[in-house]
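Shown below: work37.cif, with mmCIF, C-alpha atoms.
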data_query
loop_
_atom_site.label_atom_id
_atom_site.label_comp_id
_atom_site.auth_asym_id
_atom_site.auth_seq_id
_atom_site.Cartn_x
_atom_site.Cartn_y
_atom_site.Cartn_z
CA MET V 1 -4.26 15.31 -8.14
CA LEU V 2 -5.09 16.72 -4.69
CA ASP V 3 -3.23 19.78 -3.50
CA HIS V 4 -1.53 19.84 -0.11
CA ASP V 5 -4.34 21.67 1.69
CA GLU V 6 -6.92 19.14 0.51
CA ILE V 7 -4.67 16.24 1.55
CA VAL V 8 -4.37 17.77 5.02
CA ARG V 9 -8.15 18.26 5.24
CA LEU V 10 -8.85 14.66 4.30
CA TYR V 11 -6.00 12.77 5.97
CA GLY V 12 -4.61 15.01 8.69
CA PRO V 13 -1.70 17.43 9.13
CA TRP V 14 1.98 17.04 8.40
CA ALA V 15 4.74 17.84 10.87
CA ALA V 16 7.35 20.34 9.72
CA ARG V 17 10.38 18.22 8.83
CA THR V 18 13.60 18.95 6.91
CA PRO V 19 16.28 16.87 5.16
CA LEU V 20 18.37 17.11 8.33
CA ASP V 21 15.50 15.53 10.28
CA ALA V 22 15.33 12.73 7.70
CA ALA V 23 19.08 12.18 7.98
CA GLU V 24 18.75 11.83 11.75
CA LEU V 25 15.87 9.38 11.37
CA LEU V 26 17.84 7.28 8.88
CA ALA V 27 21.16 7.32 10.72
CA GLY V 28 22.41 3.73 10.78
CA TYR V 29 20.08 2.62 8.00
CA ASP V 30 22.27 0.43 5.78
CA ARG V 31 20.40 0.76 2.48
CA PRO V 32 20.42 3.54 -0.15
CA TRP V 33 18.26 6.59 0.50
CA TRP V 34 18.14 10.16 -0.73
CA ILE V 35 15.97 13.26 -0.61
CA ALA V 36 13.62 13.92 -3.53
CA GLY V 37 10.88 16.46 -4.19
CA GLY V 38 11.02 20.19 -3.66
CA TRP V 39 13.78 19.95 -1.07
CA ALA V 40 16.05 18.39 -3.72
CA ILE V 41 15.44 21.37 -6.00
CA GLU V 42 16.03 23.84 -3.16
CA ALA V 43 19.31 22.16 -2.21
CA PHE V 44 20.49 22.58 -5.82
CA THR V 45 19.27 26.12 -6.47
CA GLY V 46 19.57 27.69 -3.03
CA VAL V 47 16.16 29.29 -3.67
CA PRO V 48 13.95 28.71 -0.61
CA ARG V 49 10.22 28.03 -0.82
CA ALA V 50 7.50 26.63 1.42
CA HIS V 51 7.36 22.82 1.71
CA GLY V 52 4.34 20.76 2.70
CA ASP V 53 6.51 17.77 3.63
CA VAL V 54 9.91 16.20 3.06
CA ASP V 55 10.35 13.29 0.67
CA PRO V 56 13.00 10.72 1.50
CA SER V 57 13.25 8.16 -1.29
CA ILE V 58 14.33 4.52 -1.37
CA PRO V 59 14.34 1.62 -3.85
CA ARG V 60 10.94 -0.06 -3.63
CA SER V 61 12.67 -3.39 -3.01
CA ASP V 62 13.89 -2.05 0.37
CA VAL V 63 10.49 -1.51 2.02
CA GLY V 64 11.11 -4.36 4.46
CA ALA V 65 14.51 -3.01 5.47
CA LEU V 66 13.05 0.44 6.08
CA ARG V 67 10.25 -1.00 8.22
CA ARG V 68 12.75 -2.86 10.35
CA HIS V 69 14.80 0.32 10.80
CA LEU V 70 11.70 2.27 11.91
CA ASP V 71 10.21 -0.47 14.10
CA GLY V 72 8.94 0.97 17.39
CA ARG V 73 9.33 4.56 16.22
CA LEU V 74 7.11 5.22 13.22
CA ASP V 75 4.22 3.31 11.67
CA VAL V 76 4.46 2.77 7.91
CA TRP V 77 1.41 3.21 5.67
CA GLU V 78 1.04 2.40 1.99
CA ALA V 79 -0.36 5.49 0.23
CA HIS V 80 -1.79 5.15 -3.26
CA SER V 81 -4.46 7.02 -5.25
CA GLY V 82 -6.21 8.41 -2.20
CA THR V 83 -6.15 5.18 -0.17
CA LEU V 84 -4.07 4.45 2.93
CA ARG V 85 -3.22 1.01 4.32
CA PRO V 86 -1.06 0.31 7.38
CA LEU V 87 1.74 -2.18 6.87
CA LEU V 88 1.43 -4.61 9.75
CA ASP V 89 3.78 -7.27 11.13
CA GLY V 90 5.26 -9.39 8.37
CA ASP V 91 3.76 -7.20 5.66
CA ASP V 92 6.98 -6.11 3.95
CA GLU V 93 5.65 -5.87 0.39
CA VAL V 94 3.53 -3.12 -1.10
CA THR V 95 1.19 -3.39 -4.05
CA ASP V 96 2.71 -2.95 -7.50
CA GLU V 97 0.88 0.35 -7.94
CA CYS V 98 2.09 1.91 -4.68
CA GLU V 99 4.54 4.79 -5.08
CA ASN V 100 4.58 6.30 -1.57
CA LEU V 101 4.86 5.36 2.09
CA TRP V 102 3.55 7.74 4.75
CA LEU V 103 5.14 7.63 8.20
CA ARG V 104 3.85 8.78 11.60
CA PRO V 105 4.21 7.70 15.25
CA SER V 106 0.50 6.94 15.73
CA GLY V 107 -2.96 7.77 14.45
CA ALA V 108 -3.21 10.62 16.96
CA GLU V 109 -0.14 12.43 15.60
CA PRO V 110 0.76 14.25 12.37
CA TRP V 111 2.34 12.53 9.41
CA GLU V 112 6.11 13.01 9.41
CA TYR V 113 7.57 11.74 6.13
CA ASP V 114 6.35 10.90 2.64
CA VAL V 115 8.74 8.22 1.38
CA ILE V 116 8.91 7.95 -2.41
CA LEU V 117 9.51 4.46 -3.79
CA MET V 118 11.64 4.28 -6.91
CA HIS V 119 12.18 1.49 -9.42
CA THR V 120 15.81 0.42 -9.18
CA THR V 121 18.13 -2.53 -9.30
CA PRO V 122 21.33 -2.35 -7.22
CA THR V 123 22.92 -0.48 -10.14
CA THR V 124 20.18 1.07 -12.30
CA TRP V 125 17.26 3.49 -11.89
CA THR V 126 14.27 3.27 -14.28
CA PHE V 127 11.68 6.03 -14.66
CA LYS V 128 8.38 4.80 -13.28
CA ARG V 129 6.29 6.28 -16.09
CA ASP V 130 8.44 5.25 -19.05
CA ALA V 131 10.82 2.29 -18.83
CA ARG V 132 12.73 3.53 -21.88
CA ILE V 133 14.30 6.11 -19.58
CA SER V 134 16.95 4.70 -17.27
CA ARG V 135 20.28 5.69 -15.80
CA PRO V 136 22.94 4.26 -13.48
CA LEU V 137 21.66 4.66 -9.93
CA ALA V 138 24.84 6.43 -8.82
CA ASP V 139 24.37 9.01 -11.59
CA ILE V 140 20.95 10.20 -10.42
CA LEU V 141 22.25 11.28 -7.00
CA TRP V 142 24.46 14.08 -5.72
CA GLU V 143 25.51 15.07 -2.21
CA ARG V 144 25.50 18.24 -0.17
CA ASP V 145 26.49 18.54 3.49
CA GLY V 146 26.51 14.78 3.86
CA ILE V 147 22.97 14.26 2.49
CA ARG V 148 22.27 12.69 -0.88
CA TYR V 149 19.66 14.29 -3.14
CA LEU V 150 17.99 13.33 -6.40
CA ARG V 151 19.67 15.18 -9.25
CA PRO V 152 17.67 18.22 -10.39
CA GLU V 153 17.10 17.09 -13.97
CA VAL V 154 15.67 13.77 -12.72
CA GLN V 155 13.46 15.55 -10.21
CA LEU V 156 12.16 17.91 -12.89
CA LEU V 157 11.26 14.91 -15.05
CA HIS V 158 9.17 13.57 -12.17
CA LYS V 159 7.53 16.97 -11.71
CA ALA V 160 6.76 17.45 -15.39
CA ARG V 161 3.44 15.61 -15.41
CA ALA V 162 1.64 17.55 -12.67
CA LEU V 163 2.71 21.12 -13.44
CA ARG V 164 1.46 22.42 -10.10
CA PRO V 165 2.44 26.00 -9.20
CA GLN V 166 5.35 24.72 -7.11
CA ASP V 167 6.52 22.53 -10.01
CA ARG V 168 6.57 25.53 -12.34
CA ALA V 169 8.42 27.59 -9.74
CA ASP V 170 10.97 24.81 -9.25
CA PHE V 171 11.54 24.57 -12.99
CA HIS V 172 12.10 28.31 -13.41
CA ALA V 173 14.51 28.37 -10.45
CA CYS V 174 16.39 25.27 -11.57
CA ALA V 175 16.52 25.22 -15.38
CA PRO V 176 18.97 28.15 -15.81
CA LEU V 177 21.44 26.40 -13.49
CA LEU V 178 21.54 23.06 -15.29
CA ASP V 179 24.80 22.26 -17.05
CA ASP V 180 24.78 21.16 -20.68
CA ALA V 181 24.77 17.44 -19.88
CA ALA V 182 21.85 17.73 -17.44
CA ARG V 183 19.88 19.93 -19.83
CA THR V 184 20.43 17.55 -22.74
CA TRP V 185 19.40 14.56 -20.63
CA LEU V 186 16.20 16.30 -19.50
CA VAL V 187 15.29 17.30 -23.05
CA ASP V 188 15.80 13.73 -24.29
CA ALA V 189 13.77 12.30 -21.39
CA LEU V 190 10.90 14.77 -21.85
CA GLU V 191 10.78 14.07 -25.58
CA LEU V 192 10.24 10.40 -24.76
CA ALA V 193 7.84 10.70 -21.83
CA HIS V 194 6.08 14.02 -22.57
CA PRO V 195 6.85 14.89 -26.21
CA HIS V 196 4.83 18.13 -26.32
CA HIS V 197 5.76 19.40 -22.88
CA PRO V 198 5.86 23.22 -22.50
CA TRP V 199 9.27 23.06 -20.80
CA LEU V 200 10.96 21.77 -23.93
CA GLU V 201 10.98 25.12 -25.68
CA SER V 202 12.71 26.76 -22.72
CA LEU V 203 15.31 24.01 -22.47
CA ARG V 204 16.35 23.86 -26.11
#
Step by step, read the file and then write its structure as structure tokens.
Amino acid sequence: MLDHDEIVRLYGPWAARTPLDAAELLAGYDRPWWIAGGWAIEAFTGVPRAHGDVDPSIPRSDVGALRRHLDGRLDVWEAHSGTLRPLLDGDDEVTDECENLWLRPSGAEPWEYDVILMHTTPTTWTFKRDARISRPLADILWERDGIRYLRPEVQLLHKARALRPQDRADFHACAPLLDDAARTWLVDALELAHPHHPWLESLR
């Protein structure tokens, strides 16, 4: 997995954006969206850290709706395993393997948003790496200051595989603040998806 500096070297810089910027961009968008990634952890913990980008997230079935909302403002690129492909007119579907969309106004300008695609139905979220782990869609989100965020225990599950320095820092800031229900859910999910994960000992 490439770190942020290597991604910038290979693909170009990222503009400094925040969840408030994402909320402004998505004002009037009539489909579900929320903030994931490190910003979701920071919103929960109140512990600030540097961010390479901001990660709005949507159900992967809503790619077409998002493209229509952004039409004329930001180009949408499919980003997967080091490859980038622009989504052109009428191209509302991404490949099955794609997990991210990168957005920018043009090829001469920085990337602005890294949109994370999640596996959902209108009512249910399913973990992309282990379909045994699912939850009502409404239960994986919480709200602060009018912006919805991915719940911290769900975000930590997504971060568990990479264990980058920022993922470890997010875990240590977040884990002590989880309530019993969130902690139990994360333990159960890690035991399924990553049964020997080093975080399990701290959570039990």
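In this structure, atom CA of Arg67 of chain V sits 16.2 Å away from atom CA of Leu84 of chain V.
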Quick one: everything within 8 Å of Arg148 of chain V, counting all atoms listed in the file, minus sequence neighbours fewer than 3 positions away in the same chain. Send it as a ChimeraX atom specification.
/V:33-35,141-144
If you count all atoms listed in the file, which residues fall within 6 Å of Pro59 of chain V, apart from same-chain ones fewer than 3 positions away, as number ranges by chain?
V: 62, 117-120
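Atom to atom, atom CA of Ala175 of chain V and atom CA of Leu20 of chain V stand 25.1 Å apart.
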Atom CA of Ala79 of chain V and atom CA of Tyr29 of chain V are how many Å apart?
22.1 Å
Tell me which residues the PyMOL selection byres ((chain V and resi 56) around 8) grabs here, as a PDB file with C-alpha atoms, in the frame of the given file.
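Output saved as expr.pdb:
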ATOM      1  CA  PRO V  19      16.280  16.870   5.160  1.00  0.00           C
ATOM      2  CA  ALA V  22      15.330  12.730   7.700  1.00  0.00           C
ATOM      3  CA  TRP V  33      18.260   6.590   0.500  1.00  0.00           C
ATOM      4  CA  TRP V  34      18.140  10.160  -0.730  1.00  0.00           C
ATOM      5  CA  ILE V  35      15.970  13.260  -0.610  1.00  0.00           C
ATOM      6  CA  ALA V  36      13.620  13.920  -3.530  1.00  0.00           C
ATOM      7  CA  VAL V  54       9.910  16.200   3.060  1.00  0.00           C
ATOM      8  CA  ASP V  55      10.350  13.290   0.670  1.00  0.00           C
ATOM      9  CA  SER V  57      13.250   8.160  -1.290  1.00  0.00           C
ATOM     10  CA  ILE V  58      14.330   4.520  -1.370  1.00  0.00           C
ATOM     11  CA  TYR V 113       7.570  11.740   6.130  1.00  0.00           C
ATOM     12  CA  ASP V 114       6.350  10.900   2.640  1.00  0.00           C
ATOM     13  CA  VAL V 115       8.740   8.220   1.380  1.00  0.00           C
ATOM     14  CA  ILE V 116       8.910   7.950  -2.410  1.00  0.00           C
TER      15      ILE V 116
END
Segment 147-158 of chain V, all listed atoms, 3 Å padding on each side: what axis-aligned box centre and edge lengths in Å to one decimal come out, as JSON?
{"center_x": 16.1, "center_y": 15.5, "center_z": -6.3, "size_x": 19.8, "size_y": 11.5, "size_z": 23.5}
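You can rank V:Thr95, V:Thr123, V:Thr83, V:Thr18 by their closest distance to Ala138 of chain V using all atoms listed in the file, and at the top of that list sits V:Thr123.
Compared by their closest atoms to Pro110 of chain V, and using all atoms listed in the file, the residues V:Trp185, V:Phe127, V:Tyr11, V:Trp199 rank with V:Tyr11 nearest.
Once Pro198 of chain V and its same-chain neighbours fewer than 5 positions away are set aside, Ala160, Arg161, Leu163, Arg168, Phe171, Val187, Leu190, Glu191, Leu203 and Arg204 of chain V remain within 12 Å of it when counting all atoms listed in the file.
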Taking all atoms listed in the file into account, which of V:Ile7, V:Ala27, V:Ala40, V:Ala193 comes nearest Ala131 of chain V?
V:Ala193
Residues near Ser81 of chain V, cut-off 12 Å, all atoms listed in the file, skip fewer than 4 positions along chain, as a ChimeraX atom specification
/V:1-2,7,85,95,97-101
I'd like to know which of V:Gly90, V:Pro105, V:Pro122, V:Pro48 is closest to Gly64 of chain V, using only C-alpha atoms.
V:Gly90
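The residue that comes closest to Arg68 of chain V, out of V:Ala43, V:His80, V:Leu26, V:Ile147 and on the basis of only C-alpha atoms, is V:Leu26.
Distance annotation: of V:Leu186, V:Leu87, V:Ala173, V:Ala23, the residue with the minimal separation from His158 of chain V is V:Leu186; atom set is all atoms listed in the file.
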Taking 2 positions as the minimum chain separation for residues in the same chain, which residues sit within 12 Å of Gly72 of chain V when counting all atoms listed in the file? Answer as a tab-separated table (two decimals) with C-alpha atoms, keeping the file's coordinate frame.
chain	number	residue	atom	x	y	z
V	67	ARG	CA	10.25	-1.00	8.22
V	68	ARG	CA	12.75	-2.86	10.35
V	69	HIS	CA	14.80	0.32	10.80
V	70	LEU	CA	11.70	2.27	11.91
V	74	LEU	CA	7.11	5.22	13.22
V	75	ASP	CA	4.22	3.31	11.67
V	76	VAL	CA	4.46	2.77	7.91
V	89	ASP	CA	3.78	-7.27	11.13
V	103	LEU	CA	5.14	7.63	8.20
V	104	ARG	CA	3.85	8.78	11.60
V	105	PRO	CA	4.21	7.70	15.25
V	106	SER	CA	0.50	6.94	15.73
Complete segment 54-65 of chain V at the level of all heavy atoms, written as a PDB file, keeping the file's coordinate frame.
ATOM      1  N   VAL V  54       8.593  16.558   3.582  1.00  0.00           N
ATOM      2  CA  VAL V  54       9.910  16.200   3.060  1.00  0.00           C
ATOM      3  C   VAL V  54       9.818  14.785   2.530  1.00  0.00           C
ATOM      4  O   VAL V  54       9.114  13.947   3.088  1.00  0.00           O
ATOM      5  CB  VAL V  54      11.009  16.348   4.139  1.00  0.00           C
ATOM      6  CG1 VAL V  54      10.779  15.416   5.307  1.00  0.00           C
ATOM      7  CG2 VAL V  54      12.395  16.111   3.551  1.00  0.00           C
ATOM      8  N   ASP V  55      10.504  14.543   1.411  1.00  0.00           N
ATOM      9  CA  ASP V  55      10.350  13.290   0.670  1.00  0.00           C
ATOM     10  C   ASP V  55      11.640  12.492   0.638  1.00  0.00           C
ATOM     11  O   ASP V  55      12.389  12.563  -0.350  1.00  0.00           O
ATOM     12  CB  ASP V  55       9.911  13.577  -0.769  1.00  0.00           C
ATOM     13  CG  ASP V  55       8.618  14.371  -0.850  1.00  0.00           C
ATOM     14  OD1 ASP V  55       7.648  13.941  -0.225  1.00  0.00           O
ATOM     15  OD2 ASP V  55       8.594  15.404  -1.546  1.00  0.00           O
ATOM     16  N   PRO V  56      11.924  11.697   1.665  1.00  0.00           N
ATOM     17  CA  PRO V  56      13.000  10.720   1.500  1.00  0.00           C
ATOM     18  C   PRO V  56      12.585   9.721   0.419  1.00  0.00           C
ATOM     19  O   PRO V  56      11.395   9.502   0.173  1.00  0.00           O
ATOM     20  CB  PRO V  56      13.090  10.025   2.867  1.00  0.00           C
ATOM     21  CG  PRO V  56      12.295  10.869   3.798  1.00  0.00           C
ATOM     22  CD  PRO V  56      11.275  11.579   2.971  1.00  0.00           C
ATOM     23  N   SER V  57      13.551   9.122  -0.234  1.00  0.00           N
ATOM     24  CA  SER V  57      13.250   8.160  -1.290  1.00  0.00           C
ATOM     25  C   SER V  57      14.151   6.946  -1.139  1.00  0.00           C
ATOM     26  O   SER V  57      15.318   7.072  -0.740  1.00  0.00           O
ATOM     27  CB  SER V  57      13.462   8.815  -2.661  1.00  0.00           C
ATOM     28  OG  SER V  57      13.103   7.937  -3.709  1.00  0.00           O
ATOM     29  N   ILE V  58      13.589   5.769  -1.457  1.00  0.00           N
ATOM     30  CA  ILE V  58      14.330   4.520  -1.370  1.00  0.00           C
ATOM     31  C   ILE V  58      13.946   3.637  -2.554  1.00  0.00           C
ATOM     32  O   ILE V  58      12.902   3.830  -3.178  1.00  0.00           O
ATOM     33  CB  ILE V  58      14.039   3.750  -0.059  1.00  0.00           C
ATOM     34  CG1 ILE V  58      12.570   3.296  -0.019  1.00  0.00           C
ATOM     35  CG2 ILE V  58      14.405   4.589   1.163  1.00  0.00           C
ATOM     36  CD1 ILE V  58      12.239   2.324   1.109  1.00  0.00           C
ATOM     37  N   PRO V  59      14.780   2.641  -2.892  1.00  0.00           N
ATOM     38  CA  PRO V  59      14.340   1.620  -3.850  1.00  0.00           C
ATOM     39  C   PRO V  59      13.131   0.870  -3.283  1.00  0.00           C
ATOM     40  O   PRO V  59      13.084   0.547  -2.087  1.00  0.00           O
ATOM     41  CB  PRO V  59      15.555   0.686  -3.954  1.00  0.00           C
ATOM     42  CG  PRO V  59      16.724   1.528  -3.551  1.00  0.00           C
ATOM     43  CD  PRO V  59      16.192   2.455  -2.505  1.00  0.00           C
ATOM     44  N   ARG V  60      12.149   0.591  -4.121  1.00  0.00           N
ATOM     45  CA  ARG V  60      10.940  -0.060  -3.630  1.00  0.00           C
ATOM     46  C   ARG V  60      11.221  -1.467  -3.102  1.00  0.00           C
ATOM     47  O   ARG V  60      10.456  -1.986  -2.284  1.00  0.00           O
ATOM     48  CB  ARG V  60       9.835  -0.060  -4.688  1.00  0.00           C
ATOM     49  CG  ARG V  60      10.144  -0.790  -5.956  1.00  0.00           C
ATOM     50  CD  ARG V  60       8.995  -0.642  -6.966  1.00  0.00           C
ATOM     51  NE  ARG V  60       7.752  -1.175  -6.439  1.00  0.00           N
ATOM     52  CZ  ARG V  60       6.678  -0.439  -6.145  1.00  0.00           C
ATOM     53  NH1 ARG V  60       6.690   0.863  -6.331  1.00  0.00           N
ATOM     54  NH2 ARG V  60       5.585  -1.011  -5.674  1.00  0.00           N
ATOM     55  N   SER V  61      12.319  -2.057  -3.518  1.00  0.00           N
ATOM     56  CA  SER V  61      12.670  -3.390  -3.010  1.00  0.00           C
ATOM     57  C   SER V  61      13.127  -3.354  -1.557  1.00  0.00           C
ATOM     58  O   SER V  61      13.274  -4.418  -0.935  1.00  0.00           O
ATOM     59  CB  SER V  61      13.771  -4.000  -3.883  1.00  0.00           C
ATOM     60  OG  SER V  61      14.914  -3.165  -3.909  1.00  0.00           O
ATOM     61  N   ASP V  62      13.363  -2.167  -0.990  1.00  0.00           N
ATOM     62  CA  ASP V  62      13.890  -2.050   0.370  1.00  0.00           C
ATOM     63  C   ASP V  62      12.832  -1.682   1.405  1.00  0.00           C
ATOM     64  O   ASP V  62      13.161  -1.257   2.517  1.00  0.00           O
ATOM     65  CB  ASP V  62      15.012  -1.015   0.414  1.00  0.00           C
ATOM     66  CG  ASP V  62      16.287  -1.513  -0.236  1.00  0.00           C
ATOM     67  OD1 ASP V  62      16.403  -2.735  -0.455  1.00  0.00           O
ATOM     68  OD2 ASP V  62      17.165  -0.681  -0.522  1.00  0.00           O
ATOM     69  N   VAL V  63      11.547  -1.851   1.067  1.00  0.00           N
ATOM     70  CA  VAL V  63      10.490  -1.510   2.020  1.00  0.00           C
ATOM     71  C   VAL V  63      10.650  -2.280   3.336  1.00  0.00           C
ATOM     72  O   VAL V  63      10.522  -1.725   4.424  1.00  0.00           O
ATOM     73  CB  VAL V  63       9.098  -1.765   1.406  1.00  0.00           C
ATOM     74  CG1 VAL V  63       7.997  -1.644   2.475  1.00  0.00           C
ATOM     75  CG2 VAL V  63       8.829  -0.781   0.276  1.00  0.00           C
ATOM     76  N   GLY V  64      10.952  -3.562   3.250  1.00  0.00           N
ATOM     77  CA  GLY V  64      11.110  -4.360   4.460  1.00  0.00           C
ATOM     78  C   GLY V  64      12.245  -3.862   5.333  1.00  0.00           C
ATOM     79  O   GLY V  64      12.122  -3.782   6.559  1.00  0.00           O
ATOM     80  N   ALA V  65      13.357  -3.519   4.711  1.00  0.00           N
ATOM     81  CA  ALA V  65      14.510  -3.010   5.470  1.00  0.00           C
ATOM     82  C   ALA V  65      14.170  -1.693   6.156  1.00  0.00           C
ATOM     83  O   ALA V  65      14.555  -1.457   7.313  1.00  0.00           O
ATOM     84  CB  ALA V  65      15.708  -2.836   4.546  1.00  0.00           C
TER      85      ALA V  65
END
